$ cat run38.cif   # mmCIF, C-alpha atoms
data_input
loop_
_atom_site.group_PDB
_atom_site.id
_atom_site.type_symbol
_atom_site.label_atom_id
_atom_site.label_comp_id
_atom_site.auth_asym_id
_atom_site.auth_seq_id
_atom_site.Cartn_x
_atom_site.Cartn_y
_atom_site.Cartn_z
ATOM 1 C CA MET A 181 177.007 136.282 64.907
ATOM 2 C CA LYS A 182 178.019 134.204 67.896
ATOM 3 C CA PHE A 183 175.550 131.870 69.567
ATOM 4 C CA SER A 184 175.631 133.841 72.851
ATOM 5 C CA ALA A 185 174.834 137.078 71.013
ATOM 6 C CA LYS A 186 171.898 135.420 69.198
ATOM 7 C CA LEU A 187 170.648 134.004 72.479
ATOM 8 C CA PHE A 188 170.878 137.438 74.076
ATOM 9 C CA LEU A 189 168.849 138.981 71.232
ATOM 10 C CA PHE A 190 166.172 136.289 70.863
ATOM 11 C CA LEU A 191 165.713 135.118 74.465
ATOM 12 C CA PRO A 192 163.452 138.078 75.377
ATOM 13 C CA LEU A 193 161.253 137.296 72.353
ATOM 14 C CA ILE A 194 160.942 133.691 73.491
ATOM 15 C CA LEU A 195 160.201 134.579 77.143
ATOM 16 C CA LEU A 196 157.743 137.406 76.441
ATOM 17 C CA PRO A 197 154.740 135.149 75.648
ATOM 18 C CA ILE A 198 155.442 133.075 78.754
ATOM 19 C CA ALA A 199 155.473 136.209 80.915
ATOM 20 C CA PHE A 200 152.024 137.278 79.645
ATOM 21 C CA GLN A 201 150.533 133.782 79.937
ATOM 22 C CA HIS A 202 149.911 134.030 83.704
ATOM 23 C CA MET A 203 148.652 137.617 83.867
ATOM 24 C CA PRO A 204 145.084 137.997 85.207
ATOM 25 C CA THR A 205 142.412 138.801 82.674
ATOM 26 C CA VAL A 206 138.952 140.296 82.862
ATOM 27 C CA GLU A 207 136.164 138.428 81.104
ATOM 28 C CA ALA A 208 134.723 140.180 78.103
ATOM 29 C CA GLY A 209 131.825 142.342 79.183
ATOM 30 C CA GLY A 210 132.866 142.162 82.838
ATOM 31 C CA PRO A 211 133.872 145.089 84.985
ATOM 32 C CA PRO A 212 137.463 146.317 84.918
ATOM 33 C CA THR A 213 139.894 145.262 87.642
ATOM 34 C CA GLY A 214 139.334 147.117 90.913
ATOM 35 C CA GLN A 215 135.554 147.001 90.442
ATOM 36 C CA ASP A 216 132.895 144.696 91.848
ATOM 37 C CA THR A 217 132.927 141.347 90.051
ATOM 38 C CA LEU A 218 130.646 138.348 89.779
ATOM 39 C CA LEU A 219 131.779 134.780 90.285
ATOM 40 C CA LYS A 220 130.015 131.905 88.586
ATOM 41 C CA ALA A 221 129.346 128.580 90.285
ATOM 42 C CA ALA A 222 132.430 127.005 88.683
ATOM 43 C CA ASN A 223 134.631 129.504 90.552
ATOM 44 C CA ILE A 224 132.953 129.110 93.957
ATOM 45 C CA THR A 225 134.689 126.466 96.044
ATOM 46 C CA PRO A 226 133.851 125.012 99.481
ATOM 47 C CA LYS A 227 136.456 127.402 100.907
ATOM 48 C CA LEU A 228 134.174 130.266 99.881
ATOM 49 C CA PHE A 229 130.689 128.749 100.241
ATOM 50 C CA PRO A 230 130.157 125.848 102.688
ATOM 51 C CA GLU A 231 129.034 122.467 101.391
ATOM 52 C CA HIS A 232 126.602 122.140 104.325
ATOM 53 C CA VAL A 233 124.659 124.995 105.896
ATOM 54 C CA PHE A 234 122.761 125.333 109.164
ATOM 55 C CA PHE A 235 119.160 126.533 109.100
ATOM 56 C CA ARG A 236 116.262 125.995 111.530
ATOM 57 C CA GLY A 237 117.934 123.304 113.630
ATOM 58 C CA GLN A 238 119.225 121.182 110.750
ATOM 59 C CA VAL A 239 122.119 120.993 108.368
ATOM 60 C CA ALA A 240 121.329 120.932 104.652
ATOM 61 C CA SER A 241 123.555 120.272 101.663
ATOM 62 C CA ALA A 242 124.350 123.290 99.542
ATOM 63 C CA GLN A 243 124.202 122.846 95.784
ATOM 64 C CA LEU A 244 127.564 124.355 94.837
ATOM 65 C CA ARG A 245 126.687 123.988 91.153
ATOM 66 C CA ASN A 246 123.843 126.463 91.822
ATOM 67 C CA THR A 247 125.670 129.340 93.489
ATOM 68 C CA GLY A 248 126.408 132.943 92.597
ATOM 69 C CA ASP A 249 128.506 135.652 94.137
ATOM 70 C CA VAL A 250 129.317 139.331 94.194
ATOM 71 C CA HIS A 251 132.959 139.973 95.054
ATOM 72 C CA PHE A 252 133.281 143.632 95.946
ATOM 73 C CA ALA A 253 136.375 145.666 95.132
ATOM 74 C CA ASP A 254 137.257 145.841 98.862
ATOM 75 C CA ASP A 255 137.431 141.990 99.008
ATOM 76 C CA LEU A 256 134.079 141.450 100.765
ATOM 77 C CA TYR A 257 131.416 139.053 99.470
ATOM 78 C CA VAL A 258 127.722 138.367 99.046
ATOM 79 C CA LEU A 259 127.132 134.699 98.228
ATOM 80 C CA ALA A 260 123.940 132.816 97.434
ATOM 81 C CA GLY A 261 123.309 129.163 96.756
ATOM 82 C CA LEU A 262 120.427 126.746 96.480
ATOM 83 C CA VAL A 263 120.083 124.074 99.157
ATOM 84 C CA ASP A 264 118.603 120.606 99.452
ATOM 85 C CA SER A 265 115.714 121.247 101.841
ATOM 86 C CA SER A 266 114.278 117.722 101.658
ATOM 87 C CA GLY A 267 114.580 117.095 105.427
ATOM 88 C CA TYR A 268 112.509 120.127 106.414
ATOM 89 C CA SER A 269 108.793 120.414 107.110
ATOM 90 C CA THR A 270 106.583 121.368 104.177
ATOM 91 C CA ALA A 271 105.986 124.852 105.617
ATOM 92 C CA ILE A 272 109.708 125.600 105.774
ATOM 93 C CA LYS A 273 110.643 123.743 102.589
ATOM 94 C CA GLU A 274 108.237 125.904 100.562
ATOM 95 C CA LYS A 275 110.032 129.147 101.386
ATOM 96 C CA TYR A 276 113.554 127.864 102.162
ATOM 97 C CA GLN A 277 115.096 127.363 98.744
ATOM 98 C CA GLY A 278 118.495 129.002 99.170
ATOM 99 C CA TYR A 279 121.105 130.315 101.546
ATOM 100 C CA LEU A 280 122.476 133.852 101.505
ATOM 101 C CA LEU A 281 125.774 134.855 103.119
ATOM 102 C CA SER A 282 126.664 138.537 103.268
ATOM 103 C CA GLU A 283 129.694 140.331 104.652
ATOM 104 C CA VAL A 284 128.172 143.746 103.913
ATOM 105 C CA ASN A 285 124.993 145.691 104.605
ATOM 106 C CA LEU A 286 122.446 145.210 101.836
ATOM 107 C CA GLU A 287 119.249 146.862 100.737
ATOM 108 C CA ILE A 288 116.659 144.363 99.514
ATOM 109 C CA GLY A 289 113.122 145.403 98.695
ATOM 110 C CA GLY A 290 113.679 148.798 100.298
ATOM 111 C CA GLN A 291 114.740 147.212 103.589
ATOM 112 C CA THR A 292 118.200 147.084 105.167
ATOM 113 C CA LEU A 293 119.864 143.754 105.902
ATOM 114 C CA LYS A 294 122.891 143.430 108.188
ATOM 115 C CA PRO A 295 125.782 141.066 107.388
ATOM 116 C CA GLY A 296 125.031 137.453 108.259
ATOM 117 C CA ALA A 297 123.582 134.137 107.092
ATOM 118 C CA TYR A 298 119.992 133.842 105.913
ATOM 119 C CA GLY A 299 117.535 131.493 104.211
ATOM 120 C CA PHE A 300 115.555 132.730 101.208
ATOM 121 C CA GLY A 301 113.064 131.695 98.580
ATOM 122 C CA PHE A 302 110.443 132.885 96.116
ATOM 123 C CA VAL A 303 106.853 131.998 96.989
ATOM 124 C CA GLY A 304 103.921 133.122 94.861
ATOM 125 C CA GLY A 305 105.911 135.957 93.299
ATOM 126 C CA LYS A 306 107.229 137.181 96.674
ATOM 127 C CA PHE A 307 110.830 137.117 97.812
ATOM 128 C CA MET A 308 111.093 135.797 101.368
ATOM 129 C CA LEU A 309 114.226 136.240 103.479
ATOM 130 C CA MET A 310 114.484 134.548 106.883
ATOM 131 C CA ASP A 311 116.903 134.478 109.779
ATOM 132 C CA LEU A 312 118.442 131.132 110.789
ATOM 133 C CA ALA A 313 115.425 130.321 112.990
ATOM 134 C CA ALA A 314 113.114 130.630 109.923
ATOM 135 C CA ASN A 315 111.577 133.911 111.111
ATOM 136 C CA ASN A 316 110.596 136.144 108.190
ATOM 137 C CA LEU A 317 112.764 139.272 108.016
ATOM 138 C CA ILE A 318 111.963 140.579 104.547
ATOM 139 C CA GLU A 319 108.980 139.955 102.307
ATOM 140 C CA ALA A 320 109.219 141.912 99.079
ATOM 141 C CA PRO A 321 107.555 141.617 95.702
ATOM 142 C CA GLY A 322 109.771 139.640 93.374
ATOM 143 C CA GLN A 323 109.955 140.241 89.674
ATOM 144 C CA ARG A 324 109.787 137.813 86.778
ATOM 145 C CA ASP A 325 112.039 138.045 83.723
ATOM 146 C CA ALA A 326 109.884 136.558 80.968
ATOM 147 C CA GLU A 327 112.448 137.658 78.352
ATOM 148 C CA MET A 328 115.234 135.480 79.795
ATOM 149 C CA LYS A 329 116.185 133.003 77.092
ATOM 150 C CA ARG A 330 117.768 130.269 79.227
ATOM 151 C CA PRO A 331 116.983 130.448 82.923
ATOM 152 C CA VAL A 332 119.265 128.530 85.272
ATOM 153 C CA PRO A 333 118.428 127.414 88.815
ATOM 154 C CA LEU A 334 120.356 130.292 90.462
ATOM 155 C CA GLN A 335 122.506 133.156 89.266
ATOM 156 C CA VAL A 336 123.631 136.605 90.342
ATOM 157 C CA THR A 337 123.922 139.285 87.653
ATOM 158 C CA PHE A 338 124.570 142.991 87.375
ATOM 159 C CA SER A 339 121.408 145.090 87.290
ATOM 160 C CA SER A 340 120.806 147.954 84.888
ATOM 161 C CA ALA A 341 120.939 150.327 87.888
ATOM 162 C CA ALA A 342 124.494 151.257 88.842
ATOM 163 C CA GLY A 343 125.708 149.462 91.965
ATOM 164 C CA SER A 344 122.764 147.049 91.986
ATOM 165 C CA PHE A 345 122.599 143.328 91.380
ATOM 166 C CA ARG A 346 119.936 140.741 90.676
ATOM 167 C CA LEU A 347 119.545 137.431 92.481
ATOM 168 C CA TYR A 348 117.721 135.037 90.145
ATOM 169 C CA VAL A 349 116.083 131.742 90.994
ATOM 170 C CA GLY A 350 114.951 130.555 87.590
ATOM 171 C CA ARG A 351 113.153 133.544 86.032
ATOM 172 C CA ASP A 352 112.227 135.099 89.397
ATOM 173 C CA PHE A 353 114.545 137.762 90.765
ATOM 174 C CA ILE A 354 115.027 140.404 93.402
ATOM 175 C CA GLU A 355 117.337 143.389 93.097
ATOM 176 C CA PHE A 356 119.735 144.262 95.874
ATOM 177 C CA ARG A 357 122.525 146.726 96.458
ATOM 178 C CA ARG A 358 125.235 147.306 98.992
ATOM 179 C CA THR A 359 124.672 150.040 101.560
ATOM 180 C CA ARG A 360 127.081 151.596 104.028
#
$ encode --input "run38.cif" --output "structure tokens"
Amino acid sequence: MKFSAKLFLFLPLILLPIAFQHMPTVEAGGPPTGQDTLLKAANITPKLFPEHVFFRGQVASAQLRNTGDVHFADDLYVLAGLVDSSGYSTAIKEKYQGYLLSEVNLEIGGQTLKPGAYGFGFVGGKFMLMDLAANNLIEAPGQRDAEMKRPVPLQVTFSSAAGSFRLYVGRDFIEFRRTR
């Protein structure tokens, strides 16, 4: 068989693995493509979550290593990250532990939250959500996951309820879901 004929027969076999190498994949256990997905801190860049955030008249550093995200199928986001609140007063620092950015309406603790930027924290078993002026908007009982084997500073996970998610700070969490 001539070299050109062999090349014609075997070239597709050589190129096939290369073609599949760059196809997107879904992580094992994750939702199928076209569904809501979760991004881990390693996938959240400063283009998605700012390195510095404004809250109560100051700018604080965001801890990008401690961020979590829900990326909805329609390309909208809910992002959360811990912040360095060391420059704030003790009263604010106690309840301002993280920053929440939402492009969608949410239900948290039975209350509706409009898209926007917010401060949040867990204090004495309660979830506290504040507007940018540190005014309390939502106070809801948090929950504690004593069964969690290895808590991390912040993570967002799927909840057992369809369409709901959990925002964890350590073992403390609050469930939220998107509303229309």
$ closest_residue --input "run38.cif" --among "A:Gln215, A:Gly305, A:Gln291, A:Lys275" --to "Ala342 in chain A" --atoms "only C-alpha atoms"
A:Gln215
$ closest_residue --input "run38.cif" --among "A:Thr225, A:Gln335, A:Ser265, A:Ser344" --to "Asn246 in chain A" --atoms "all atoms listed in the file"
A:Gln335
$ residues_around --input "run38.cif" --residues "Asn316 in chain A" --least-positions-apart "3" --cutoff "10 Å" --atoms "only C-alpha atoms" --output "ChimeraX atom specification"
/A:275,298-300,308-313,319
$ axis_aligned_box --input "run38.cif" --around "range 275-289 of chain A" --padding-each-side "6 Å" --output "JSON"
{"center_x": 119.9, "center_y": 137.1, "center_z": 101.7, "size_x": 31.7, "size_y": 31.5, "size_z": 18.0}
$ resolve_selection --input "run38.cif" --expression "the PyMOL selection byres ((chain A and resi 222) around 12)" --output "MDAnalysis selection string"
chainID A and resid 218:221 223:226 228:229 243:249 335
